[in-house]
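What follows is a single structure, written as C-alpha cells, with notes after it.
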Amino acid sequence: MKNYIKADEWNIIEEGFDPHLNKISESIFSLGNGRMGQRANFEETYSGETLLGNYVAGVYYPDKTRVGWWKNGYPEYFAKVLNAANWVGIEVKIEGEILDLATAEVIDFKRVLNMHAGILERTFTAKLKNSKTVKVKATRFCSIADDEVGAICYSITPLDFEGKITLMPFIDGDVKNQDSNYDEKFWDKVADEISGTEAYIKLRTKKTEFEVCTGSNIELYKNSEKIELNPEAVRKEKFVGQTFSVDVKANEEIILIKIAANLSSENYPKETLLQETKSVIAKASAKGFDTLLNEQTQAWATKWEESDIIIEGDVSAQQAIRFNIFQLFQTYTGKDDRLNIGPKGFTGEKYGGSTYWDTEAYCVPFYLATAPQEVSKNLLIYRHKHLQKAIENAAKLGFKDGAALYPMVTMNGEECHNEWEITFEEIHRNGAIAFAIYNYIRYTGDESYLFDYGLEVLIGIARFWKQRVNWSSEKQQYVMLGVTGPNEYENNVNNNWYTNILATWCMKYATQAAEIVKNQHSEKYKSLLKNINFNDQEFADWADIIEKMYYPADAEKGIFLQQDGYLDKEQTLVKDLPESDRPINQKWSWDRILRSPFIKQADVLQGLYFFEEDYDLETLRRNFDFYEPRTVHESSLSPCVHSILAAKLNDETRAYEFYLRTARLDLDDYNNDTEDGLHITSMAGTWMSVVEGFAGMRVREGKLVFNPFLPAQWKSFSFTIGFRGATLKVEITDSGIKVKNNATVDLEIGIKDQFYKLAGNGKIEVDNAELV
C-alpha cells in the first residue's frame, strides 16, 4: 500500500517527484469528460517509465485473440479501446537541451488535481545538465462543457540565464497500445494539415475503420504580451507539429496556450471530419483559455451540487469519496446511448476499455441517484441495442429460439472475452442486466421502459436460462452445470448458488414484466410476442423451473453453499494465510487457487445483496460470517458489497473497514495495480457503501427508506440524491437524520420502521431518541 497522496478535501496532491511512482500518478491524475480522456502524462518529453494514454470513446480495435487451441463459439478477437493521438505534447529545448524530468535535477515538484473544477495543475523547478534552471507551471483540462475540447496553459520561466527557448507543440498519432499483440500499431494516417498556428491529423483504425481527427491551435505570450507566431511546420510519420524559438531573459515568463479537439466518425461523416474539427478549434480558440476554464469550473460546480457527499471529521475519507465520484463523472456523462463504462475508464488499457457486468451491478445505482434519469436509462438502452448480438452470441454456443446471452466483455454487443472459463461459464452476467432493468424501474417508477425496451430483453434472458438448466433424475430437480460464479477462483462448478438463484429470479421477473405490459399496453404486448414468436407455454416452462430449481445448502451450518462440493475443500481462513502469500493471484499457481476455499469476491453474498428482502437478518448473518473470513477481496468489486451487508447487520466496525478499502483502493494503491489504471466501476461501489451502507438507503414499494448510522470516525455525513422528481439533501449526525426536499414534489419516506410525509420544499428531522 502506498501513502504519498496528501490529504485534502477537494484536491489530490502529490509533492515531490519519485519516478518509481510515476505510472501510479499518471492513473490517479487522469482527466476525462465522457467523450475522451487521458492519463496524466507530462506535456514535455519524459524518457523515464511511463504509460502513454489518450483515448476517444467508442473507438476500438478487434485485436486477434491469442490462444494455443480453439473451441467452437470462442471469440475471434479481444476488443480494446485504442491509445489515440497524443495531443498534449510540447517538446521544450533550453539552449538546445531537451527538458526531460528523467534526466534533469528536479528541485521541486507538485501535482494537483482540483476535483471541484476538473483541472490538473503541475509545477516544478528543474536544473538541466547544461546548468540552466527553469520553473514550469502546466494547467490542463478536458472540458465537460464542450466534450470535444481540451486545453493546456504551459508556462516556462528561466531562473538563472538568458538565451533561447525552443518549443514544439505537436500531435503524435504514431502510438501503440501497451498490450497490443506483436507490438502492432492500429492507426493509419488519412490526412494531415499544418497552417500557421493550427495543426491537424486524421487517422483511421485498421479493420474497424473508425476515423478520428485531432487538431490544435497555439498562442504564445511573453510577460503577458501576445507574440505573433510564424512557426516552422514539422511533419513525421503520423506526426504534426510546429516549432519556434523565443529569446528570453531571466525571470521572463513564456506562456504557450494549446487548445485541442478530438472528433470521431462516430459523430460526423468521414468526409467532413477535418472541416468539422477546424470549426470546433475555431470556436474554442475564439473563446480563449480563460473562458473555456470558466465554463469548465461552472459545469463541474453543477455536477457537485447534484452528487456531492460531505464528510465531517475525516479528511482522508472526504478526499476519497470525492475522488471516486469525480472519476465516475469524468468517465460517463450519459449523453450517448452507444457508450458505456469500461472498468478502467479513460485511465488505462487493462480490460480493453470494454463493457462488463460491472456497469449494471454497480454503476447503475450511482447514476440513478446522482444524475438525470436519462443517464441511467441510456445505460439500459445500450444493452437493448445489443439484444440481437446477444441472441447471436447464444446461438454460437448452441442456444436457439431467441435465447440471449449477453457478452462478458464487449464493445459492440459481440462477445470478445478471451478466457474460456469466463466466456462460456460466467453466465451470471445475464442476470445482472435483468436486475438493472428491475433496479431502474424500482427507483424511477418508469414502467414504460418495459413497453419499448425492457420486456424484450427480459424474455431473451429468460429463454437462455430455460435452455441452460437441465433436469436431474437423481435429484428430481433442475440443476445448472459447468458455470463460473462471481468468485472466479472457482471454475466449471455445478450449481453455483448465486447463478441458480439469479436464473429463477430472471424468469420470475420476466413473467411479472410481461403481465405489466399486457395490462398497460396490450397492443405493444401482442406485437412484441408475435415478433419474437413467443407463446404462453414458455411461461409454464419457466414456472416449472422456478418451482423445482435446486439450490445447494448446508442445513447444519444454515448457509447456502457457494456450489456443490464447496465444503469438500480444506476450510482454511484468510487470517491463517501468511502475508507473504498475498495476493494469492500473484503468488500461487492457478491449480492451487482452484483447490483452495478462498473466494475472490462476493458470490453467495452478491446474491444476498441483490435479494436481501427475501431473507431474514439471521440468514444474512450466518452466510456473511461464514463467507467473509474466506474472502481475499482480490477484486475491486468485493469490499463494497461486504460493507453494505455489514452495515445491514449493524456490524459498524467491519462496514467501515470495508469502506476504507474500497474508497482509497486506487489513491493508496491497495492491490499494487493502480499503475494499470483506476478501478472506475468499483468506485460506484464506494458511493454505494456510504449511501446504501451507512445511510441504509433502499427503495421499498416505491418509497425511499433509510436505516442510518454514523461511523465513529466521522462527525457527520451528508449527500444529495434525486428521486422521482425530488432532490433530497440527507444529513446524518450523531443526534439523528435530517432530510431536506429541494423540489416541489411531495414524498413519503421511511426512517427505520417509521414513515414521514416530506412536503415539497419541506424538511424533516428525526432524532435518535425517536428511532429507538
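Residues in the C-alpha cells are numbered from 1 in each chain, the chains being A, B, ... in the order shown, and ligands are numbered from 1 in the order shown.
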Polymer residues at most 9 Å from range 10-12 of chain A, only C-alpha atoms, same-chain spacing of 2 or more positions, as a compact mmCIF listing (two decimals) with all heavy atoms, in the first residue's frame:
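Result file is selection_29.txt:
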# COMPACT_ATOMS: atom_id res chain seq x y z
N ILE A 5 -0.12 10.37 -1.38
CA ILE A 5 -1.07 11.42 -1.75
C ILE A 5 -1.46 12.20 -0.49
O ILE A 5 -1.87 11.61 0.51
CB ILE A 5 -2.31 10.82 -2.42
CG1 ILE A 5 -1.93 10.09 -3.71
CG2 ILE A 5 -3.35 11.90 -2.71
CD1 ILE A 5 -1.30 10.95 -4.78
N LYS A 6 -1.33 13.52 -0.54
CA LYS A 6 -1.62 14.36 0.62
C LYS A 6 -3.14 14.45 0.82
O LYS A 6 -3.91 14.55 -0.13
CB LYS A 6 -1.05 15.77 0.43
CG LYS A 6 0.44 15.81 0.09
CD LYS A 6 1.28 15.19 1.17
CE LYS A 6 2.76 15.21 0.79
NZ LYS A 6 3.60 14.52 1.79
N ALA A 7 -3.53 14.44 2.09
CA ALA A 7 -4.96 14.54 2.42
C ALA A 7 -5.45 15.96 2.18
O ALA A 7 -4.83 16.93 2.62
CB ALA A 7 -5.19 14.14 3.87
N ASP A 8 -6.57 16.09 1.47
CA ASP A 8 -7.17 17.39 1.19
C ASP A 8 -8.60 17.13 0.76
O ASP A 8 -8.88 16.16 0.05
CB ASP A 8 -6.40 18.13 0.10
CG ASP A 8 -6.92 19.53 -0.14
OD1 ASP A 8 -7.90 19.68 -0.90
OD2 ASP A 8 -6.37 20.48 0.45
N GLU A 14 0.21 15.62 -4.97
CA GLU A 14 1.47 14.90 -4.92
C GLU A 14 2.59 15.92 -4.79
O GLU A 14 2.70 16.82 -5.63
CB GLU A 14 1.66 14.06 -6.19
CG GLU A 14 2.99 13.35 -6.29
CD GLU A 14 3.21 12.69 -7.64
OE1 GLU A 14 2.46 13.01 -8.59
OE2 GLU A 14 4.11 11.85 -7.74
N ILE A 28 -3.81 8.12 -11.33
CA ILE A 28 -4.58 8.87 -10.32
C ILE A 28 -4.97 10.26 -10.83
O ILE A 28 -6.08 10.73 -10.57
CB ILE A 28 -3.77 8.97 -9.02
CG1 ILE A 28 -3.68 7.60 -8.34
CG2 ILE A 28 -4.37 10.00 -8.06
CD1 ILE A 28 -2.76 7.55 -7.15
N PHE A 29 -4.09 10.91 -11.56
CA PHE A 29 -4.33 12.29 -12.01
C PHE A 29 -4.94 12.35 -13.41
O PHE A 29 -4.90 13.39 -14.07
CB PHE A 29 -3.03 13.10 -11.95
CG PHE A 29 -2.55 13.36 -10.54
CD1 PHE A 29 -1.76 12.45 -9.88
CD2 PHE A 29 -2.91 14.53 -9.88
CE1 PHE A 29 -1.32 12.68 -8.58
CE2 PHE A 29 -2.48 14.78 -8.58
CZ PHE A 29 -1.68 13.85 -7.92
N ARG A 111 2.01 18.26 -8.02
CA ARG A 111 0.93 17.98 -8.96
C ARG A 111 -0.37 18.04 -8.18
O ARG A 111 -0.49 17.42 -7.12
CB ARG A 111 1.15 16.61 -9.59
CG ARG A 111 0.21 16.26 -10.68
CD ARG A 111 0.66 15.15 -11.61
NE ARG A 111 1.68 14.24 -11.17
CZ ARG A 111 2.25 13.33 -11.96
NH1 ARG A 111 1.90 13.25 -13.24
NH2 ARG A 111 3.17 12.50 -11.51
N VAL A 112 -1.36 18.77 -8.70
CA VAL A 112 -2.63 18.96 -8.00
C VAL A 112 -3.78 18.72 -8.98
O VAL A 112 -3.85 19.35 -10.03
CB VAL A 112 -2.75 20.38 -7.40
CG1 VAL A 112 -4.11 20.54 -6.72
CG2 VAL A 112 -1.62 20.66 -6.43
N LEU A 113 -4.66 17.80 -8.60
CA LEU A 113 -5.90 17.59 -9.34
C LEU A 113 -7.01 18.27 -8.55
O LEU A 113 -7.39 17.82 -7.47
CB LEU A 113 -6.18 16.10 -9.49
CG LEU A 113 -7.48 15.71 -10.21
CD1 LEU A 113 -7.48 16.23 -11.64
CD2 LEU A 113 -7.66 14.20 -10.20
N ASN A 114 -7.51 19.36 -9.08
CA ASN A 114 -8.59 20.12 -8.45
C ASN A 114 -9.91 19.49 -8.89
O ASN A 114 -10.38 19.70 -10.00
CB ASN A 114 -8.51 21.59 -8.89
CG ASN A 114 -9.62 22.44 -8.31
OD1 ASN A 114 -10.67 21.95 -7.91
ND2 ASN A 114 -9.40 23.73 -8.29
N MET A 115 -10.50 18.72 -7.98
CA MET A 115 -11.71 17.97 -8.35
C MET A 115 -12.93 18.87 -8.43
O MET A 115 -13.87 18.56 -9.16
CB MET A 115 -11.93 16.84 -7.34
CG MET A 115 -10.82 15.81 -7.35
SD MET A 115 -11.10 14.45 -6.19
CE MET A 115 -10.85 15.27 -4.60
N HIS A 116 -12.94 19.95 -7.70
CA HIS A 116 -14.10 20.84 -7.74
C HIS A 116 -14.25 21.48 -9.11
O HIS A 116 -15.38 21.71 -9.58
CB HIS A 116 -13.99 21.92 -6.67
CG HIS A 116 -15.28 22.64 -6.42
ND1 HIS A 116 -15.64 23.78 -7.11
CD2 HIS A 116 -16.30 22.38 -5.57
CE1 HIS A 116 -16.84 24.18 -6.69
NE2 HIS A 116 -17.25 23.34 -5.77
N GLN A 318 -13.09 12.02 3.18
CA GLN A 318 -13.72 13.03 2.33
C GLN A 318 -13.04 13.09 0.97
O GLN A 318 -13.69 13.11 -0.08
CB GLN A 318 -13.65 14.39 3.01
CG GLN A 318 -14.21 15.54 2.17
CD GLN A 318 -15.70 15.44 1.97
OE1 GLN A 318 -16.48 15.93 2.78
NE2 GLN A 318 -16.14 14.80 0.89
N GLN A 319 -11.73 13.13 0.99
CA GLN A 319 -10.98 13.16 -0.26
C GLN A 319 -11.28 11.93 -1.11
O GLN A 319 -11.51 12.03 -2.32
CB GLN A 319 -9.48 13.20 0.06
CG GLN A 319 -8.57 13.22 -1.16
CD GLN A 319 -7.11 13.12 -0.75
OE1 GLN A 319 -6.73 12.26 0.03
NE2 GLN A 319 -6.29 14.02 -1.27
N ARG A 322 -14.89 11.87 -2.79
CA ARG A 322 -14.97 12.84 -3.89
C ARG A 322 -14.14 12.38 -5.09
O ARG A 322 -14.53 12.57 -6.24
CB ARG A 322 -14.53 14.22 -3.41
CG ARG A 322 -15.62 14.92 -2.61
CD ARG A 322 -15.24 16.33 -2.20
NE ARG A 322 -16.37 17.01 -1.59
CZ ARG A 322 -16.27 17.86 -0.57
NH1 ARG A 322 -15.09 18.14 -0.05
NH2 ARG A 322 -17.35 18.43 -0.08
N PHE A 323 -13.00 11.77 -4.83
CA PHE A 323 -12.19 11.25 -5.93
C PHE A 323 -12.95 10.20 -6.71
O PHE A 323 -12.94 10.17 -7.95
CB PHE A 323 -10.89 10.65 -5.37
CG PHE A 323 -9.98 10.07 -6.41
CD1 PHE A 323 -9.33 10.90 -7.32
CD2 PHE A 323 -9.75 8.71 -6.48
CE1 PHE A 323 -8.48 10.38 -8.29
CE2 PHE A 323 -8.91 8.17 -7.43
CZ PHE A 323 -8.27 9.00 -8.33
N LEU A 667 -6.13 5.45 -4.62
CA LEU A 667 -5.30 6.51 -4.06
C LEU A 667 -4.13 5.95 -3.26
O LEU A 667 -3.03 6.52 -3.26
CB LEU A 667 -6.14 7.43 -3.16
CG LEU A 667 -7.11 8.37 -3.88
CD1 LEU A 667 -7.94 9.14 -2.86
CD2 LEU A 667 -6.36 9.35 -4.77
Have a look at A:Thr410, A:Gln571, A:Ser265, A:Gln327 and name the one nearest to Trp357 in chain A; count only C-alpha atoms.
A:Thr410
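Atom pair CA of Glu421 in chain A / CA of Glu474 in chain A: separated by 26.6 Å.
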Please list as a list in words every residue within 12 Å of Glu612 in chain A, counting only C-alpha atoms and excluding residues in the same chain fewer than 3 positions away.
Val604, Leu605, Gln606, Gly607, Leu608, Tyr609, Tyr615, Asp616, Leu617, Glu618, Thr619, Leu620, Arg621, Asn623, Val641, Ile644, Leu645, Lys648, Leu649, Arg698 and Arg700 of chain A
Go ahead and write the selection's residues with N, CA, C and O atoms as a PDB file, in the first residue's frame.
ATOM      1  N   VAL A 604     -21.996 -15.842  -3.040  1.00  0.00           N
ATOM      2  CA  VAL A 604     -23.269 -16.001  -2.318  1.00  0.00           C
ATOM      3  C   VAL A 604     -23.706 -14.650  -1.771  1.00  0.00           C
ATOM      4  O   VAL A 604     -24.892 -14.268  -1.849  1.00  0.00           O
ATOM      5  N   LEU A 605     -22.770 -13.887  -1.258  1.00  0.00           N
ATOM      6  CA  LEU A 605     -23.114 -12.594  -0.658  1.00  0.00           C
ATOM      7  C   LEU A 605     -23.575 -11.581  -1.703  1.00  0.00           C
ATOM      8  O   LEU A 605     -24.334 -10.661  -1.386  1.00  0.00           O
ATOM      9  N   GLN A 606     -23.150 -11.738  -2.948  1.00  0.00           N
ATOM     10  CA  GLN A 606     -23.659 -10.871  -4.017  1.00  0.00           C
ATOM     11  C   GLN A 606     -25.153 -11.111  -4.202  1.00  0.00           C
ATOM     12  O   GLN A 606     -25.933 -10.177  -4.376  1.00  0.00           O
ATOM     13  N   GLY A 607     -25.555 -12.379  -4.144  1.00  0.00           N
ATOM     14  CA  GLY A 607     -26.977 -12.698  -4.257  1.00  0.00           C
ATOM     15  C   GLY A 607     -27.773 -12.177  -3.082  1.00  0.00           C
ATOM     16  O   GLY A 607     -28.897 -11.678  -3.235  1.00  0.00           O
ATOM     17  N   LEU A 608     -27.204 -12.272  -1.881  1.00  0.00           N
ATOM     18  CA  LEU A 608     -27.897 -11.769  -0.699  1.00  0.00           C
ATOM     19  C   LEU A 608     -27.977 -10.240  -0.722  1.00  0.00           C
ATOM     20  O   LEU A 608     -28.920  -9.653  -0.194  1.00  0.00           O
ATOM     21  N   TYR A 609     -27.003  -9.593  -1.345  1.00  0.00           N
ATOM     22  CA  TYR A 609     -27.089  -8.138  -1.523  1.00  0.00           C
ATOM     23  C   TYR A 609     -28.228  -7.789  -2.477  1.00  0.00           C
ATOM     24  O   TYR A 609     -29.054  -6.915  -2.194  1.00  0.00           O
ATOM     25  N   TYR A 615     -34.677 -12.490   2.610  1.00  0.00           N
ATOM     26  CA  TYR A 615     -34.021 -13.258   3.673  1.00  0.00           C
ATOM     27  C   TYR A 615     -34.029 -12.477   4.981  1.00  0.00           C
ATOM     28  O   TYR A 615     -33.884 -11.246   4.992  1.00  0.00           O
ATOM     29  N   ASP A 616     -34.162 -13.211   6.082  1.00  0.00           N
ATOM     30  CA  ASP A 616     -34.146 -12.530   7.374  1.00  0.00           C
ATOM     31  C   ASP A 616     -32.706 -12.244   7.792  1.00  0.00           C
ATOM     32  O   ASP A 616     -31.734 -12.737   7.196  1.00  0.00           O
ATOM     33  N   LEU A 617     -32.566 -11.411   8.819  1.00  0.00           N
ATOM     34  CA  LEU A 617     -31.241 -10.957   9.241  1.00  0.00           C
ATOM     35  C   LEU A 617     -30.348 -12.112   9.678  1.00  0.00           C
ATOM     36  O   LEU A 617     -29.140 -12.093   9.427  1.00  0.00           O
ATOM     37  N   GLU A 618     -30.914 -13.100  10.325  1.00  0.00           N
ATOM     38  CA  GLU A 618     -30.085 -14.199  10.807  1.00  0.00           C
ATOM     39  C   GLU A 618     -29.526 -15.015   9.647  1.00  0.00           C
ATOM     40  O   GLU A 618     -28.391 -15.512   9.711  1.00  0.00           O
ATOM     41  N   THR A 619     -30.309 -15.169   8.596  1.00  0.00           N
ATOM     42  CA  THR A 619     -29.795 -15.859   7.406  1.00  0.00           C
ATOM     43  C   THR A 619     -28.649 -15.065   6.786  1.00  0.00           C
ATOM     44  O   THR A 619     -27.611 -15.630   6.405  1.00  0.00           O
ATOM     45  N   LEU A 620     -28.851 -13.751   6.682  1.00  0.00           N
ATOM     46  CA  LEU A 620     -27.776 -12.897   6.174  1.00  0.00           C
ATOM     47  C   LEU A 620     -26.534 -13.025   7.042  1.00  0.00           C
ATOM     48  O   LEU A 620     -25.402 -13.141   6.544  1.00  0.00           O
ATOM     49  N   ARG A 621     -26.729 -13.004   8.357  1.00  0.00           N
ATOM     50  CA  ARG A 621     -25.600 -13.026   9.275  1.00  0.00           C
ATOM     51  C   ARG A 621     -24.814 -14.344   9.181  1.00  0.00           C
ATOM     52  O   ARG A 621     -23.585 -14.342   9.144  1.00  0.00           O
ATOM     53  N   ASN A 623     -24.562 -16.440   6.702  1.00  0.00           N
ATOM     54  CA  ASN A 623     -23.805 -16.522   5.451  1.00  0.00           C
ATOM     55  C   ASN A 623     -22.654 -15.532   5.418  1.00  0.00           C
ATOM     56  O   ASN A 623     -21.566 -15.855   4.939  1.00  0.00           O
ATOM     57  N   VAL A 641     -19.674  -4.537  -1.449  1.00  0.00           N
ATOM     58  CA  VAL A 641     -20.799  -5.409  -1.128  1.00  0.00           C
ATOM     59  C   VAL A 641     -20.715  -5.845   0.330  1.00  0.00           C
ATOM     60  O   VAL A 641     -21.714  -5.863   1.061  1.00  0.00           O
ATOM     61  N   ILE A 644     -21.755  -2.941   2.638  1.00  0.00           N
ATOM     62  CA  ILE A 644     -23.205  -2.715   2.677  1.00  0.00           C
ATOM     63  C   ILE A 644     -23.891  -3.789   3.522  1.00  0.00           C
ATOM     64  O   ILE A 644     -24.764  -3.481   4.345  1.00  0.00           O
ATOM     65  N   LEU A 645     -23.490  -5.039   3.352  1.00  0.00           N
ATOM     66  CA  LEU A 645     -24.097  -6.107   4.137  1.00  0.00           C
ATOM     67  C   LEU A 645     -23.728  -5.997   5.610  1.00  0.00           C
ATOM     68  O   LEU A 645     -24.566  -6.239   6.499  1.00  0.00           O
ATOM     69  N   LYS A 648     -25.921  -3.460   7.089  1.00  0.00           N
ATOM     70  CA  LYS A 648     -27.266  -4.023   7.261  1.00  0.00           C
ATOM     71  C   LYS A 648     -27.340  -4.863   8.543  1.00  0.00           C
ATOM     72  O   LYS A 648     -28.366  -4.879   9.242  1.00  0.00           O
ATOM     73  N   LEU A 649     -26.243  -5.519   8.869  1.00  0.00           N
ATOM     74  CA  LEU A 649     -26.186  -6.381  10.051  1.00  0.00           C
ATOM     75  C   LEU A 649     -25.771  -5.621  11.310  1.00  0.00           C
ATOM     76  O   LEU A 649     -25.513  -6.232  12.348  1.00  0.00           O
ATOM     77  N   ARG A 698     -32.720   2.426   0.787  1.00  0.00           N
ATOM     78  CA  ARG A 698     -33.314   1.419  -0.076  1.00  0.00           C
ATOM     79  C   ARG A 698     -34.592   2.000  -0.687  1.00  0.00           C
ATOM     80  O   ARG A 698     -35.114   3.017  -0.207  1.00  0.00           O
ATOM     81  N   ARG A 700     -38.394   0.740  -1.182  1.00  0.00           N
ATOM     82  CA  ARG A 700     -39.352  -0.290  -0.801  1.00  0.00           C
ATOM     83  C   ARG A 700     -40.750   0.172  -1.191  1.00  0.00           C
ATOM     84  O   ARG A 700     -41.215   1.218  -0.738  1.00  0.00           O
TER      85      ARG A 700
END
